[in-house]
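For reference, the structure is listed below as structure tokens.
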Amino acid sequence: MSELHSVVAVLELACAAQRLNQDYVKETTPVYSEDNKILSYKWANKMLMLTSLYPENYRAVHEGDAPPPLLKITDEDKSLTEEIKKYYRKLMFSAVKGDNEFHTEVNALLENGQVPASKFGFIACLPMVYKRDLSKKQFEKRIKEIEDSYMGMPGEIILDKDCEILESIRSKHYDAFNILAIIDNKMVSWMGKVDLKLGPCVVQKAKVKEHSRHWKNQNKVTRLNYVKAFQ
């Protein structure tokens with residue numbers, strides 16, 4: 001496995017792994033039944049990528065168990081790959097300056113155009129890092145513009161509202177995503193089963209659960225539940 005691979009091809013696999021796991025999984029972990037038997041595995045993104053490139057090596061290790069699935073590249077994965085490449089090209093100045101070691105490494109790999117399997121770890125996490133950085137920049141920009149007030153009273157029903165998704169982060173404790181968004185120029189949040197993309201969205205229906213404050217900026221946040229949102 002010392003040969004080099006196209007960075008674009010490997011990054012497409014990273015995007016496919018992120019889509020499949022709906023998160024960046026660093027280490028493969030077993031999924032247990034109630035009687036403590038292994039039902040399946042939550043495969044690390046890097047493992048999914050390696051398995052898809054070297055199926056004869058990695059799937060054989062798990063013979064008898066359910067082996068890691070082979071990734072299938074979609075148009076969505078290809079589109080995200082191009083977005084990530086453009087994003088890191090814009091960060092080339094900070095990479096050249098050497099202020100950010102991670103950016104420097106990524107920039108070198110992207111510029112080289114090829115990557116060995118030993119460097120797959122840097123590529124595997126790029127979709128997650130890209131989404132996190134994009135969300136942070138969008139949040140910092142929009143937080144200065146929104147109203148610091150609540151939307152509706154607890155128990156109130158919200159219908160057919162245009163919405164802007166600022167964050168969609170997988171919960172560490174639940175099989176769901178913490179969504180942060182803007183409706184009527186006010187900050188709202190909710191827990192959802194679907195990983196929403198940053199940008200425009202429509203909240204068809206929701207219920208105001210409570211009023212709270214953002215954990216970091218202390219801005220007023222209206223917490224919603226029973227949310228039906230579509231993109």
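Residues in the structure tokens are named by chain (A, B, ... in the order shown) and by number from 1 within that chain; ligands are numbered from 1 in the order shown.
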Query raised in the report: Neighbours of Lys205 (chain A) within 6 Å (only C-alpha atoms; same-chain residues fewer than 6 positions away dropped), as number ranges by chain?
Result: A: 158-159, 227-228
Query raised in the report: Within 8 Å of Met151 (chain A), counting only C-alpha atoms, which residues qualify if same-chain residues fewer than 6 places away don't, as JSON, numbers by chain?
Result: {"A": [186, 188, 208, 222]}
With region 18-21 of chain A as the partner and 9 Å as the cut-off, tabulate the residues of region 42-87 of chain A that qualify, each row holding the nearest pair of atoms and their distance in Å to one decimal, using only C-alpha atoms, sorted by chain and rising number, as JSON lines.
```
{"residue": "A:Lys42", "atom": "CA", "partner": "A:Asn21", "partner_atom": "CA", "distance": 7.8}
{"residue": "A:Trp43", "atom": "CA", "partner": "A:Asn21", "partner_atom": "CA", "distance": 8.0}
{"residue": "A:Ala44", "atom": "CA", "partner": "A:Asn21", "partner_atom": "CA", "distance": 8.5}
{"residue": "A:Asn45", "atom": "CA", "partner": "A:Gln18", "partner_atom": "CA", "distance": 6.7}
{"residue": "A:Leu71", "atom": "CA", "partner": "A:Leu20", "partner_atom": "CA", "distance": 8.3}
{"residue": "A:Asp77", "atom": "CA", "partner": "A:Arg19", "partner_atom": "CA", "distance": 8.0}
```
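Residues with any atom within 9 Å of Lys136 (chain A), counting only C-alpha atoms and excluding same-chain neighbours fewer than 5 positions away, are A:Lys131, A:Lys141, A:Leu166, A:Glu167.
The smallest atom-to-atom distance between Glu164 (chain A) and any of A:Leu13, A:Cys201, A:Leu196, A:Cys125, using only C-alpha atoms, is found for A:Cys201.
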Requested in this report: Tell me which protein, DNA and RNA residues are within 10 Å of Asn217 (chain A), counting only C-alpha atoms, leaving out same-chain ones fewer than 4 positions away, and put them as number ranges by chain.
Outcome: A: 140, 143, 213
Emit the selected residues as a PDB file, in the first residue's frame, including C-alpha atoms.
```
ATOM      1  CA  GLU A 140     -19.645  34.854  13.509  1.00  0.00           C
ATOM      2  CA  ILE A 143     -24.488  36.805  14.951  1.00  0.00           C
ATOM      3  CA  ARG A 213     -29.184  31.531  25.868  1.00  0.00           C
TER       4      ARG A 213
END
```
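In this model, the gap between CA of Asp162 (chain A) and CA of Val202 (chain A) comes to 4.7 Å.
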Report task. Give me the residues within 10 Å of region 4-7 of chain A as a PyMOL selection string, counting only C-alpha atoms and dropping any in the same chain fewer than 6 places off. Result -> chain A and resi 13+53+81+85+109-118+120+123
With C-alpha atoms retained, export the selected residues as a PDB file, in the first residue's frame.
```
ATOM      1  CA  LEU A  13     -14.078   8.705  -0.592  1.00  0.00           C
ATOM      2  CA  LEU A  53      -9.439   1.001  -2.124  1.00  0.00           C
ATOM      3  CA  THR A  81     -14.996  17.589  -2.879  1.00  0.00           C
ATOM      4  CA  LYS A  85     -10.679  22.105  -2.600  1.00  0.00           C
ATOM      5  CA  LEU A 109      -1.276  17.259  -0.159  1.00  0.00           C
ATOM      6  CA  LEU A 110      -3.739  19.151  -2.352  1.00  0.00           C
ATOM      7  CA  GLU A 111      -0.969  20.911  -4.250  1.00  0.00           C
ATOM      8  CA  ASN A 112       0.924  17.665  -4.785  1.00  0.00           C
ATOM      9  CA  GLY A 113      -2.183  16.010  -6.201  1.00  0.00           C
ATOM     10  CA  GLN A 114      -1.296  12.595  -4.826  1.00  0.00           C
ATOM     11  CA  VAL A 115      -1.435  11.040  -1.374  1.00  0.00           C
ATOM     12  CA  PRO A 116      -0.113   7.818   0.199  1.00  0.00           C
ATOM     13  CA  ALA A 117      -2.360   5.643   2.374  1.00  0.00           C
ATOM     14  CA  SER A 118      -0.335   6.722   5.420  1.00  0.00           C
ATOM     15  CA  PHE A 120      -5.371   9.227   4.621  1.00  0.00           C
ATOM     16  CA  ILE A 123      -8.027  13.601   4.168  1.00  0.00           C
TER      17      ILE A 123
END
```
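Computed from the coordinates, the CA of Val31 (chain A) to CA of Lys193 (chain A) distance equals 19.0 Å.
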Just the alpha helix (DSSP H) stuff from region 7-219 of chain A, please, per backbone DSSP, written as a PDB file with N, CA and C atoms, in the first residue's frame.
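Okay, this is what ended up in states-v8.pdb:
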```pdb
ATOM      1  N   VAL A   7      -5.480  12.643  -4.978  1.00  0.00           N
ATOM      2  CA  VAL A   7      -6.082  13.347  -3.842  1.00  0.00           C
ATOM      3  C   VAL A   7      -7.580  13.541  -4.054  1.00  0.00           C
ATOM      4  N   VAL A   8      -7.968  13.851  -5.267  1.00  0.00           N
ATOM      5  CA  VAL A   8      -9.389  14.064  -5.570  1.00  0.00           C
ATOM      6  C   VAL A   8     -10.177  12.780  -5.306  1.00  0.00           C
ATOM      7  N   ALA A   9      -9.661  11.644  -5.771  1.00  0.00           N
ATOM      8  CA  ALA A   9     -10.347  10.366  -5.581  1.00  0.00           C
ATOM      9  C   ALA A   9     -10.461  10.014  -4.101  1.00  0.00           C
ATOM     10  N   VAL A  10      -9.398  10.260  -3.352  1.00  0.00           N
ATOM     11  CA  VAL A  10      -9.393   9.946  -1.918  1.00  0.00           C
ATOM     12  C   VAL A  10     -10.325  10.901  -1.164  1.00  0.00           C
ATOM     13  N   LEU A  11     -10.335  12.166  -1.572  1.00  0.00           N
ATOM     14  CA  LEU A  11     -11.221  13.138  -0.926  1.00  0.00           C
ATOM     15  C   LEU A  11     -12.688  12.802  -1.215  1.00  0.00           C
ATOM     16  N   GLU A  12     -12.971  12.311  -2.402  1.00  0.00           N
ATOM     17  CA  GLU A  12     -14.337  11.865  -2.713  1.00  0.00           C
ATOM     18  C   GLU A  12     -14.734  10.714  -1.801  1.00  0.00           C
ATOM     19  N   LEU A  13     -13.807   9.808  -1.519  1.00  0.00           N
ATOM     20  CA  LEU A  13     -14.078   8.705  -0.592  1.00  0.00           C
ATOM     21  C   LEU A  13     -14.311   9.239   0.819  1.00  0.00           C
ATOM     22  N   ALA A  14     -13.551  10.260   1.200  1.00  0.00           N
ATOM     23  CA  ALA A  14     -13.725  10.867   2.524  1.00  0.00           C
ATOM     24  C   ALA A  14     -15.116  11.478   2.648  1.00  0.00           C
ATOM     25  N   CYS A  15     -15.577  12.129   1.586  1.00  0.00           N
ATOM     26  CA  CYS A  15     -16.918  12.726   1.595  1.00  0.00           C
ATOM     27  C   CYS A  15     -17.991  11.647   1.652  1.00  0.00           C
ATOM     28  N   ALA A  16     -17.756  10.541   0.952  1.00  0.00           N
ATOM     29  CA  ALA A  16     -18.704   9.426   0.971  1.00  0.00           C
ATOM     30  C   ALA A  16     -18.767   8.795   2.359  1.00  0.00           C
ATOM     31  N   ALA A  17     -17.606   8.658   3.019  1.00  0.00           N
ATOM     32  CA  ALA A  17     -17.558   8.088   4.370  1.00  0.00           C
ATOM     33  C   ALA A  17     -18.276   9.002   5.356  1.00  0.00           C
ATOM     34  N   GLN A  18     -18.071  10.307   5.218  1.00  0.00           N
ATOM     35  CA  GLN A  18     -18.748  11.284   6.077  1.00  0.00           C
ATOM     36  C   GLN A  18     -20.269  11.206   5.881  1.00  0.00           C
ATOM     37  N   ARG A  19     -20.693  11.064   4.646  1.00  0.00           N
ATOM     38  CA  ARG A  19     -22.120  10.959   4.339  1.00  0.00           C
ATOM     39  C   ARG A  19     -22.711   9.680   4.925  1.00  0.00           C
ATOM     40  N   LEU A  20     -21.981   8.573   4.797  1.00  0.00           N
ATOM     41  CA  LEU A  20     -22.472   7.296   5.302  1.00  0.00           C
ATOM     42  C   LEU A  20     -22.588   7.298   6.822  1.00  0.00           C
ATOM     43  N   ASN A  21     -21.548   7.805   7.493  1.00  0.00           N
ATOM     44  CA  ASN A  21     -21.536   7.830   8.959  1.00  0.00           C
ATOM     45  C   ASN A  21     -22.308   9.012   9.542  1.00  0.00           C
ATOM     46  N   ASN A  45     -14.063   6.428   9.521  1.00  0.00           N
ATOM     47  CA  ASN A  45     -14.085   6.957   8.156  1.00  0.00           C
ATOM     48  C   ASN A  45     -12.857   6.510   7.368  1.00  0.00           C
ATOM     49  N   LYS A  46     -11.707   6.559   8.023  1.00  0.00           N
ATOM     50  CA  LYS A  46     -10.467   6.144   7.360  1.00  0.00           C
ATOM     51  C   LYS A  46     -10.528   4.667   6.970  1.00  0.00           C
ATOM     52  N   MET A  47     -11.091   3.826   7.833  1.00  0.00           N
ATOM     53  CA  MET A  47     -11.208   2.399   7.540  1.00  0.00           C
ATOM     54  C   MET A  47     -12.115   2.167   6.327  1.00  0.00           C
ATOM     55  N   LEU A  48     -13.207   2.921   6.235  1.00  0.00           N
ATOM     56  CA  LEU A  48     -14.108   2.798   5.091  1.00  0.00           C
ATOM     57  C   LEU A  48     -13.387   3.168   3.793  1.00  0.00           C
ATOM     58  N   MET A  49     -12.565   4.194   3.867  1.00  0.00           N
ATOM     59  CA  MET A  49     -11.819   4.629   2.687  1.00  0.00           C
ATOM     60  C   MET A  49     -10.800   3.568   2.267  1.00  0.00           C
ATOM     61  N   LEU A  50     -10.042   3.055   3.235  1.00  0.00           N
ATOM     62  CA  LEU A  50      -9.032   2.034   2.938  1.00  0.00           C
ATOM     63  C   LEU A  50      -9.672   0.757   2.409  1.00  0.00           C
ATOM     64  N   THR A  51     -10.794   0.374   2.996  1.00  0.00           N
ATOM     65  CA  THR A  51     -11.486  -0.839   2.561  1.00  0.00           C
ATOM     66  C   THR A  51     -11.955  -0.712   1.124  1.00  0.00           C
ATOM     67  N   SER A  52     -12.420   0.469   0.758  1.00  0.00           N
ATOM     68  CA  SER A  52     -12.914   0.681  -0.601  1.00  0.00           C
ATOM     69  C   SER A  52     -11.796   0.657  -1.636  1.00  0.00           C
ATOM     70  N   LEU A  53     -10.589   1.033  -1.218  1.00  0.00           N
ATOM     71  CA  LEU A  53      -9.439   1.001  -2.124  1.00  0.00           C
ATOM     72  C   LEU A  53      -8.732  -0.349  -2.117  1.00  0.00           C
ATOM     73  N   PRO A  55     -10.103  -3.673  -0.935  1.00  0.00           N
ATOM     74  CA  PRO A  55     -11.104  -4.593  -0.374  1.00  0.00           C
ATOM     75  C   PRO A  55     -10.549  -5.978  -0.067  1.00  0.00           C
ATOM     76  N   GLU A  56      -9.596  -6.437  -0.862  1.00  0.00           N
ATOM     77  CA  GLU A  56      -9.051  -7.769  -0.642  1.00  0.00           C
ATOM     78  C   GLU A  56      -8.270  -7.852   0.667  1.00  0.00           C
ATOM     79  N   ASN A  57      -7.726  -6.742   1.131  1.00  0.00           N
ATOM     80  CA  ASN A  57      -6.954  -6.729   2.381  1.00  0.00           C
ATOM     81  C   ASN A  57      -7.841  -6.534   3.606  1.00  0.00           C
ATOM     82  N   TYR A  58      -8.717  -5.549   3.554  1.00  0.00           N
ATOM     83  CA  TYR A  58      -9.448  -5.154   4.748  1.00  0.00           C
ATOM     84  C   TYR A  58     -10.721  -5.952   4.984  1.00  0.00           C
ATOM     85  N   ARG A  59     -11.400  -6.368   3.934  1.00  0.00           N
ATOM     86  CA  ARG A  59     -12.621  -7.152   4.134  1.00  0.00           C
ATOM     87  C   ARG A  59     -12.285  -8.570   4.595  1.00  0.00           C
ATOM     88  N   ALA A  60     -11.124  -9.076   4.191  1.00  0.00           N
ATOM     89  CA  ALA A  60     -10.720 -10.422   4.596  1.00  0.00           C
ATOM     90  C   ALA A  60     -10.485 -10.513   6.099  1.00  0.00           C
ATOM     91  N   VAL A  61     -10.049  -9.422   6.717  1.00  0.00           N
ATOM     92  CA  VAL A  61      -9.793  -9.405   8.158  1.00  0.00           C
ATOM     93  C   VAL A  61     -11.069  -9.680   8.944  1.00  0.00           C
ATOM     94  N   ASP A  75     -22.853  12.100  -6.847  1.00  0.00           N
ATOM     95  CA  ASP A  75     -22.646  13.470  -7.322  1.00  0.00           C
ATOM     96  C   ASP A  75     -22.503  14.432  -6.142  1.00  0.00           C
ATOM     97  N   GLU A  76     -23.209  14.150  -5.054  1.00  0.00           N
ATOM     98  CA  GLU A  76     -23.105  14.975  -3.848  1.00  0.00           C
ATOM     99  C   GLU A  76     -21.683  14.951  -3.297  1.00  0.00           C
ATOM    100  N   ASP A  77     -21.062  13.768  -3.300  1.00  0.00           N
ATOM    101  CA  ASP A  77     -19.677  13.631  -2.812  1.00  0.00           C
ATOM    102  C   ASP A  77     -18.710  14.406  -3.709  1.00  0.00           C
ATOM    103  N   LYS A  78     -18.929  14.327  -5.011  1.00  0.00           N
ATOM    104  CA  LYS A  78     -18.066  15.033  -5.963  1.00  0.00           C
ATOM    105  C   LYS A  78     -18.200  16.546  -5.798  1.00  0.00           C
ATOM    106  N   SER A  79     -19.430  17.002  -5.601  1.00  0.00           N
ATOM    107  CA  SER A  79     -19.673  18.434  -5.428  1.00  0.00           C
ATOM    108  C   SER A  79     -19.005  18.944  -4.152  1.00  0.00           C
ATOM    109  N   LEU A  80     -19.131  18.179  -3.061  1.00  0.00           N
ATOM    110  CA  LEU A  80     -18.510  18.575  -1.798  1.00  0.00           C
ATOM    111  C   LEU A  80     -16.992  18.585  -1.916  1.00  0.00           C
ATOM    112  N   THR A  81     -16.445  17.641  -2.655  1.00  0.00           N
ATOM    113  CA  THR A  81     -14.996  17.589  -2.879  1.00  0.00           C
ATOM    114  C   THR A  81     -14.511  18.883  -3.524  1.00  0.00           C
ATOM    115  N   GLU A  82     -15.222  19.370  -4.526  1.00  0.00           N
ATOM    116  CA  GLU A  82     -14.839  20.614  -5.198  1.00  0.00           C
ATOM    117  C   GLU A  82     -14.945  21.803  -4.247  1.00  0.00           C
ATOM    118  N   GLU A  83     -15.982  21.828  -3.409  1.00  0.00           N
ATOM    119  CA  GLU A  83     -16.143  22.906  -2.432  1.00  0.00           C
ATOM    120  C   GLU A  83     -14.958  22.928  -1.459  1.00  0.00           C
ATOM    121  N   ILE A  84     -14.568  21.759  -0.991  1.00  0.00           N
ATOM    122  CA  ILE A  84     -13.461  21.661  -0.027  1.00  0.00           C
ATOM    123  C   ILE A  84     -12.155  22.117  -0.667  1.00  0.00           C
ATOM    124  N   LYS A  85     -11.902  21.695  -1.897  1.00  0.00           N
ATOM    125  CA  LYS A  85     -10.679  22.105  -2.600  1.00  0.00           C
ATOM    126  C   LYS A  85     -10.621  23.631  -2.740  1.00  0.00           C
ATOM    127  N   LYS A  86     -11.729  24.242  -3.138  1.00  0.00           N
ATOM    128  CA  LYS A  86     -11.769  25.698  -3.304  1.00  0.00           C
ATOM    129  C   LYS A  86     -11.550  26.399  -1.960  1.00  0.00           C
ATOM    130  N   TYR A  87     -12.137  25.854  -0.922  1.00  0.00           N
ATOM    131  CA  TYR A  87     -12.016  26.456   0.411  1.00  0.00           C
ATOM    132  C   TYR A  87     -10.557  26.468   0.872  1.00  0.00           C
ATOM    133  N   TYR A  88      -9.861  25.353   0.694  1.00  0.00           N
ATOM    134  CA  TYR A  88      -8.481  25.294   1.172  1.00  0.00           C
ATOM    135  C   TYR A  88      -7.514  26.061   0.270  1.00  0.00           C
ATOM    136  N   ARG A  89      -7.900  26.267  -0.969  1.00  0.00           N
ATOM    137  CA  ARG A  89      -7.081  27.140  -1.821  1.00  0.00           C
ATOM    138  C   ARG A  89      -7.103  28.571  -1.279  1.00  0.00           C
ATOM    139  N   LYS A  90      -8.269  28.994  -0.779  1.00  0.00           N
ATOM    140  CA  LYS A  90      -8.393  30.332  -0.206  1.00  0.00           C
ATOM    141  C   LYS A  90      -7.559  30.477   1.068  1.00  0.00           C
ATOM    142  N   MET A  92      -4.683  29.183   1.458  1.00  0.00           N
ATOM    143  CA  MET A  92      -3.295  28.894   1.101  1.00  0.00           C
ATOM    144  C   MET A  92      -2.322  29.877   1.748  1.00  0.00           C
ATOM    145  N   PHE A  93      -2.737  31.135   1.915  1.00  0.00           N
ATOM    146  CA  PHE A  93      -1.846  32.142   2.491  1.00  0.00           C
ATOM    147  C   PHE A  93      -1.455  31.769   3.916  1.00  0.00           C
ATOM    148  N   SER A  94      -2.418  31.364   4.736  1.00  0.00           N
ATOM    149  CA  SER A  94      -2.104  30.983   6.116  1.00  0.00           C
ATOM    150  C   SER A  94      -1.271  29.712   6.135  1.00  0.00           C
ATOM    151  N   ALA A  95      -1.502  28.838   5.130  1.00  0.00           N
ATOM    152  CA  ALA A  95      -0.714  27.615   5.064  1.00  0.00           C
ATOM    153  C   ALA A  95       0.738  27.916   4.716  1.00  0.00           C
ATOM    154  N   VAL A  96       0.919  28.841   3.782  1.00  0.00           N
ATOM    155  CA  VAL A  96       2.275  29.225   3.384  1.00  0.00           C
ATOM    156  C   VAL A  96       3.007  29.882   4.543  1.00  0.00           C
ATOM    157  N   LYS A  97       2.284  30.718   5.309  1.00  0.00           N
ATOM    158  CA  LYS A  97       2.895  31.382   6.457  1.00  0.00           C
ATOM    159  C   LYS A  97       3.297  30.385   7.533  1.00  0.00           C
ATOM    160  N   GLU A 101      -0.503  24.347  11.300  1.00  0.00           N
ATOM    161  CA  GLU A 101       0.191  23.141  10.856  1.00  0.00           C
ATOM    162  C   GLU A 101      -0.720  22.223  10.046  1.00  0.00           C
ATOM    163  N   PHE A 102      -1.990  22.121  10.492  1.00  0.00           N
ATOM    164  CA  PHE A 102      -2.943  21.267   9.782  1.00  0.00           C
ATOM    165  C   PHE A 102      -3.178  21.791   8.369  1.00  0.00           C
ATOM    166  N   HIS A 103      -3.420  23.098   8.246  1.00  0.00           N
ATOM    167  CA  HIS A 103      -3.641  23.696   6.929  1.00  0.00           C
ATOM    168  C   HIS A 103      -2.411  23.533   6.041  1.00  0.00           C
ATOM    169  N   THR A 104      -1.242  23.643   6.629  1.00  0.00           N
ATOM    170  CA  THR A 104      -0.005  23.482   5.865  1.00  0.00           C
ATOM    171  C   THR A 104       0.089  22.084   5.276  1.00  0.00           C
ATOM    172  N   GLU A 105      -0.229  21.084   6.093  1.00  0.00           N
ATOM    173  CA  GLU A 105      -0.178  19.688   5.645  1.00  0.00           C
ATOM    174  C   GLU A 105      -1.212  19.434   4.551  1.00  0.00           C
ATOM    175  N   VAL A 106      -2.429  19.905   4.775  1.00  0.00           N
ATOM    176  CA  VAL A 106      -3.501  19.699   3.796  1.00  0.00           C
ATOM    177  C   VAL A 106      -3.174  20.393   2.487  1.00  0.00           C
ATOM    178  N   ASN A 107      -2.682  21.630   2.578  1.00  0.00           N
ATOM    179  CA  ASN A 107      -2.339  22.380   1.377  1.00  0.00           C
ATOM    180  C   ASN A 107      -1.261  21.667   0.567  1.00  0.00           C
ATOM    181  N   ALA A 108      -0.283  21.102   1.267  1.00  0.00           N
ATOM    182  CA  ALA A 108       0.795  20.375   0.588  1.00  0.00           C
ATOM    183  C   ALA A 108       0.249  19.163  -0.157  1.00  0.00           C
ATOM    184  N   LEU A 109      -0.688  18.439   0.477  1.00  0.00           N
ATOM    185  CA  LEU A 109      -1.276  17.259  -0.159  1.00  0.00           C
ATOM    186  C   LEU A 109      -2.105  17.648  -1.377  1.00  0.00           C
ATOM    187  N   LEU A 110      -2.900  18.708  -1.248  1.00  0.00           N
ATOM    188  CA  LEU A 110      -3.739  19.151  -2.352  1.00  0.00           C
ATOM    189  C   LEU A 110      -2.905  19.663  -3.518  1.00  0.00           C
ATOM    190  N   GLU A 111      -1.836  20.372  -3.206  1.00  0.00           N
ATOM    191  CA  GLU A 111      -0.969  20.911  -4.250  1.00  0.00           C
ATOM    192  C   GLU A 111      -0.207  19.798  -4.965  1.00  0.00           C
ATOM    193  N   ASN A 112       0.189  18.786  -4.204  1.00  0.00           N
ATOM    194  CA  ASN A 112       0.924  17.665  -4.785  1.00  0.00           C
ATOM    195  C   ASN A 112       0.041  16.849  -5.720  1.00  0.00           C
ATOM    196  N   PHE A 120      -3.918   9.214   4.787  1.00  0.00           N
ATOM    197  CA  PHE A 120      -5.371   9.227   4.621  1.00  0.00           C
ATOM    198  C   PHE A 120      -6.079   9.889   5.800  1.00  0.00           C
ATOM    199  N   GLY A 121      -5.457   9.852   6.974  1.00  0.00           N
ATOM    200  CA  GLY A 121      -6.075  10.438   8.160  1.00  0.00           C
ATOM    201  C   GLY A 121      -6.356  11.920   7.989  1.00  0.00           C
ATOM    202  N   PHE A 122      -5.429  12.634   7.313  1.00  0.00           N
ATOM    203  CA  PHE A 122      -5.624  14.069   7.073  1.00  0.00           C
ATOM    204  C   PHE A 122      -6.812  14.306   6.147  1.00  0.00           C
ATOM    205  N   ILE A 123      -6.946  13.444   5.132  1.00  0.00           N
ATOM    206  CA  ILE A 123      -8.027  13.601   4.168  1.00  0.00           C
ATOM    207  C   ILE A 123      -9.365  13.169   4.770  1.00  0.00           C
ATOM    208  N   ALA A 124      -9.335  12.129   5.589  1.00  0.00           N
ATOM    209  CA  ALA A 124     -10.577  11.562   6.141  1.00  0.00           C
ATOM    210  C   ALA A 124     -11.389  12.576   6.944  1.00  0.00           C
ATOM    211  N   LEU A 126     -11.293  15.908   6.567  1.00  0.00           N
ATOM    212  CA  LEU A 126     -11.497  17.183   5.890  1.00  0.00           C
ATOM    213  C   LEU A 126     -12.972  17.586   5.736  1.00  0.00           C
ATOM    214  N   PRO A 127     -13.870  16.678   5.359  1.00  0.00           N
ATOM    215  CA  PRO A 127     -15.280  17.097   5.255  1.00  0.00           C
ATOM    216  C   PRO A 127     -15.835  17.642   6.568  1.00  0.00           C
ATOM    217  N   MET A 128     -15.464  17.028   7.675  1.00  0.00           N
ATOM    218  CA  MET A 128     -15.915  17.492   8.987  1.00  0.00           C
ATOM    219  C   MET A 128     -15.294  18.837   9.339  1.00  0.00           C
ATOM    220  N   VAL A 129     -13.988  18.994   9.117  1.00  0.00           N
ATOM    221  CA  VAL A 129     -13.287  20.239   9.425  1.00  0.00           C
ATOM    222  C   VAL A 129     -13.824  21.379   8.561  1.00  0.00           C
ATOM    223  N   TYR A 130     -14.050  21.085   7.288  1.00  0.00           N
ATOM    224  CA  TYR A 130     -14.603  22.086   6.368  1.00  0.00           C
ATOM    225  C   TYR A 130     -15.965  22.569   6.846  1.00  0.00           C
ATOM    226  N   LYS A 131     -16.833  21.633   7.187  1.00  0.00           N
ATOM    227  CA  LYS A 131     -18.172  21.993   7.653  1.00  0.00           C
ATOM    228  C   LYS A 131     -18.098  22.799   8.947  1.00  0.00           C
ATOM    229  N   ARG A 132     -17.225  22.404   9.859  1.00  0.00           N
ATOM    230  CA  ARG A 132     -17.085  23.103  11.139  1.00  0.00           C
ATOM    231  C   ARG A 132     -16.570  24.523  10.935  1.00  0.00           C
ATOM    232  N   ASP A 133     -15.543  24.685  10.080  1.00  0.00           N
ATOM    233  CA  ASP A 133     -14.974  26.012   9.831  1.00  0.00           C
ATOM    234  C   ASP A 133     -15.972  26.920   9.119  1.00  0.00           C
ATOM    235  N   LEU A 134     -16.694  26.350   8.153  1.00  0.00           N
ATOM    236  CA  LEU A 134     -17.675  27.129   7.406  1.00  0.00           C
ATOM    237  C   LEU A 134     -18.792  27.596   8.340  1.00  0.00           C
ATOM    238  N   SER A 135     -19.225  26.691   9.208  1.00  0.00           N
ATOM    239  CA  SER A 135     -20.284  27.017  10.167  1.00  0.00           C
ATOM    240  C   SER A 135     -19.834  28.110  11.124  1.00  0.00           C
ATOM    241  N   LYS A 136     -18.590  28.015  11.577  1.00  0.00           N
ATOM    242  CA  LYS A 136     -18.063  29.011  12.510  1.00  0.00           C
ATOM    243  C   LYS A 136     -18.008  30.395  11.879  1.00  0.00           C
ATOM    244  N   LYS A 137     -17.535  30.471  10.634  1.00  0.00           N
ATOM    245  CA  LYS A 137     -17.439  31.760   9.952  1.00  0.00           C
ATOM    246  C   LYS A 137     -18.813  32.353   9.679  1.00  0.00           C
ATOM    247  N   GLN A 138     -19.746  31.492   9.267  1.00  0.00           N
ATOM    248  CA  GLN A 138     -21.092  31.961   8.994  1.00  0.00           C
ATOM    249  C   GLN A 138     -21.766  32.447  10.272  1.00  0.00           C
ATOM    250  N   PHE A 139     -21.527  31.715  11.352  1.00  0.00           N
ATOM    251  CA  PHE A 139     -22.117  32.083  12.645  1.00  0.00           C
ATOM    252  C   PHE A 139     -21.578  33.435  13.115  1.00  0.00           C
ATOM    253  N   GLU A 140     -20.271  33.609  13.056  1.00  0.00           N
ATOM    254  CA  GLU A 140     -19.645  34.854  13.509  1.00  0.00           C
ATOM    255  C   GLU A 140     -20.117  36.047  12.681  1.00  0.00           C
ATOM    256  N   LYS A 141     -20.389  35.817  11.405  1.00  0.00           N
ATOM    257  CA  LYS A 141     -20.868  36.898  10.540  1.00  0.00           C
ATOM    258  C   LYS A 141     -22.314  37.251  10.855  1.00  0.00           C
ATOM    259  N   ARG A 142     -23.160  36.251  10.979  1.00  0.00           N
ATOM    260  CA  ARG A 142     -24.590  36.477  11.156  1.00  0.00           C
ATOM    261  C   ARG A 142     -24.957  36.912  12.565  1.00  0.00           C
TER     262      ARG A 142
END
```
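Among A:Glu210, A:Asp35, A:Glu147, A:Asp23, the residue with the shortest atom-to-atom distance to Asp195 (chain A), counting only C-alpha atoms, is A:Asp23.
Put simply, CA of Val25 (chain A) is 14.7 Å away from CA of Pro69 (chain A).
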Query raised in the report: Skipping near chain neighbours, those fewer than 5 positions away, what residues fall within 12 Å of Trp215 (chain A) using only C-alpha atoms, listed as number ranges by chain?
Result: A: 180, 189, 220-221
Please produce a file of the residues just selected, as a PDB file, in the first residue's frame, where the atoms kept are N, CA and C atoms.
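The resulting file, out-v1.pdb, is reproduced below:
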```
ATOM      1  N   LEU A 180     -28.709  24.775  14.744  1.00  0.00           N
ATOM      2  CA  LEU A 180     -28.791  26.191  15.102  1.00  0.00           C
ATOM      3  C   LEU A 180     -29.158  26.947  13.837  1.00  0.00           C
ATOM      4  N   SER A 189     -33.067  27.022  17.798  1.00  0.00           N
ATOM      5  CA  SER A 189     -32.322  25.765  17.785  1.00  0.00           C
ATOM      6  C   SER A 189     -33.286  24.613  18.031  1.00  0.00           C
ATOM      7  N   LYS A 220     -29.881  35.397  22.932  1.00  0.00           N
ATOM      8  CA  LYS A 220     -31.159  34.736  23.191  1.00  0.00           C
ATOM      9  C   LYS A 220     -31.452  33.713  22.084  1.00  0.00           C
ATOM     10  N   VAL A 221     -31.832  32.498  22.505  1.00  0.00           N
ATOM     11  CA  VAL A 221     -32.132  31.415  21.570  1.00  0.00           C
ATOM     12  C   VAL A 221     -33.499  30.831  21.904  1.00  0.00           C
TER      13      VAL A 221
END
```
Query - region 27-145 of chain A: residues DSSP assigns to strand (DSSP E or B), reported as a PyMOL selection string - result: chain A and resi 29-32+38-42+63+65+114-116
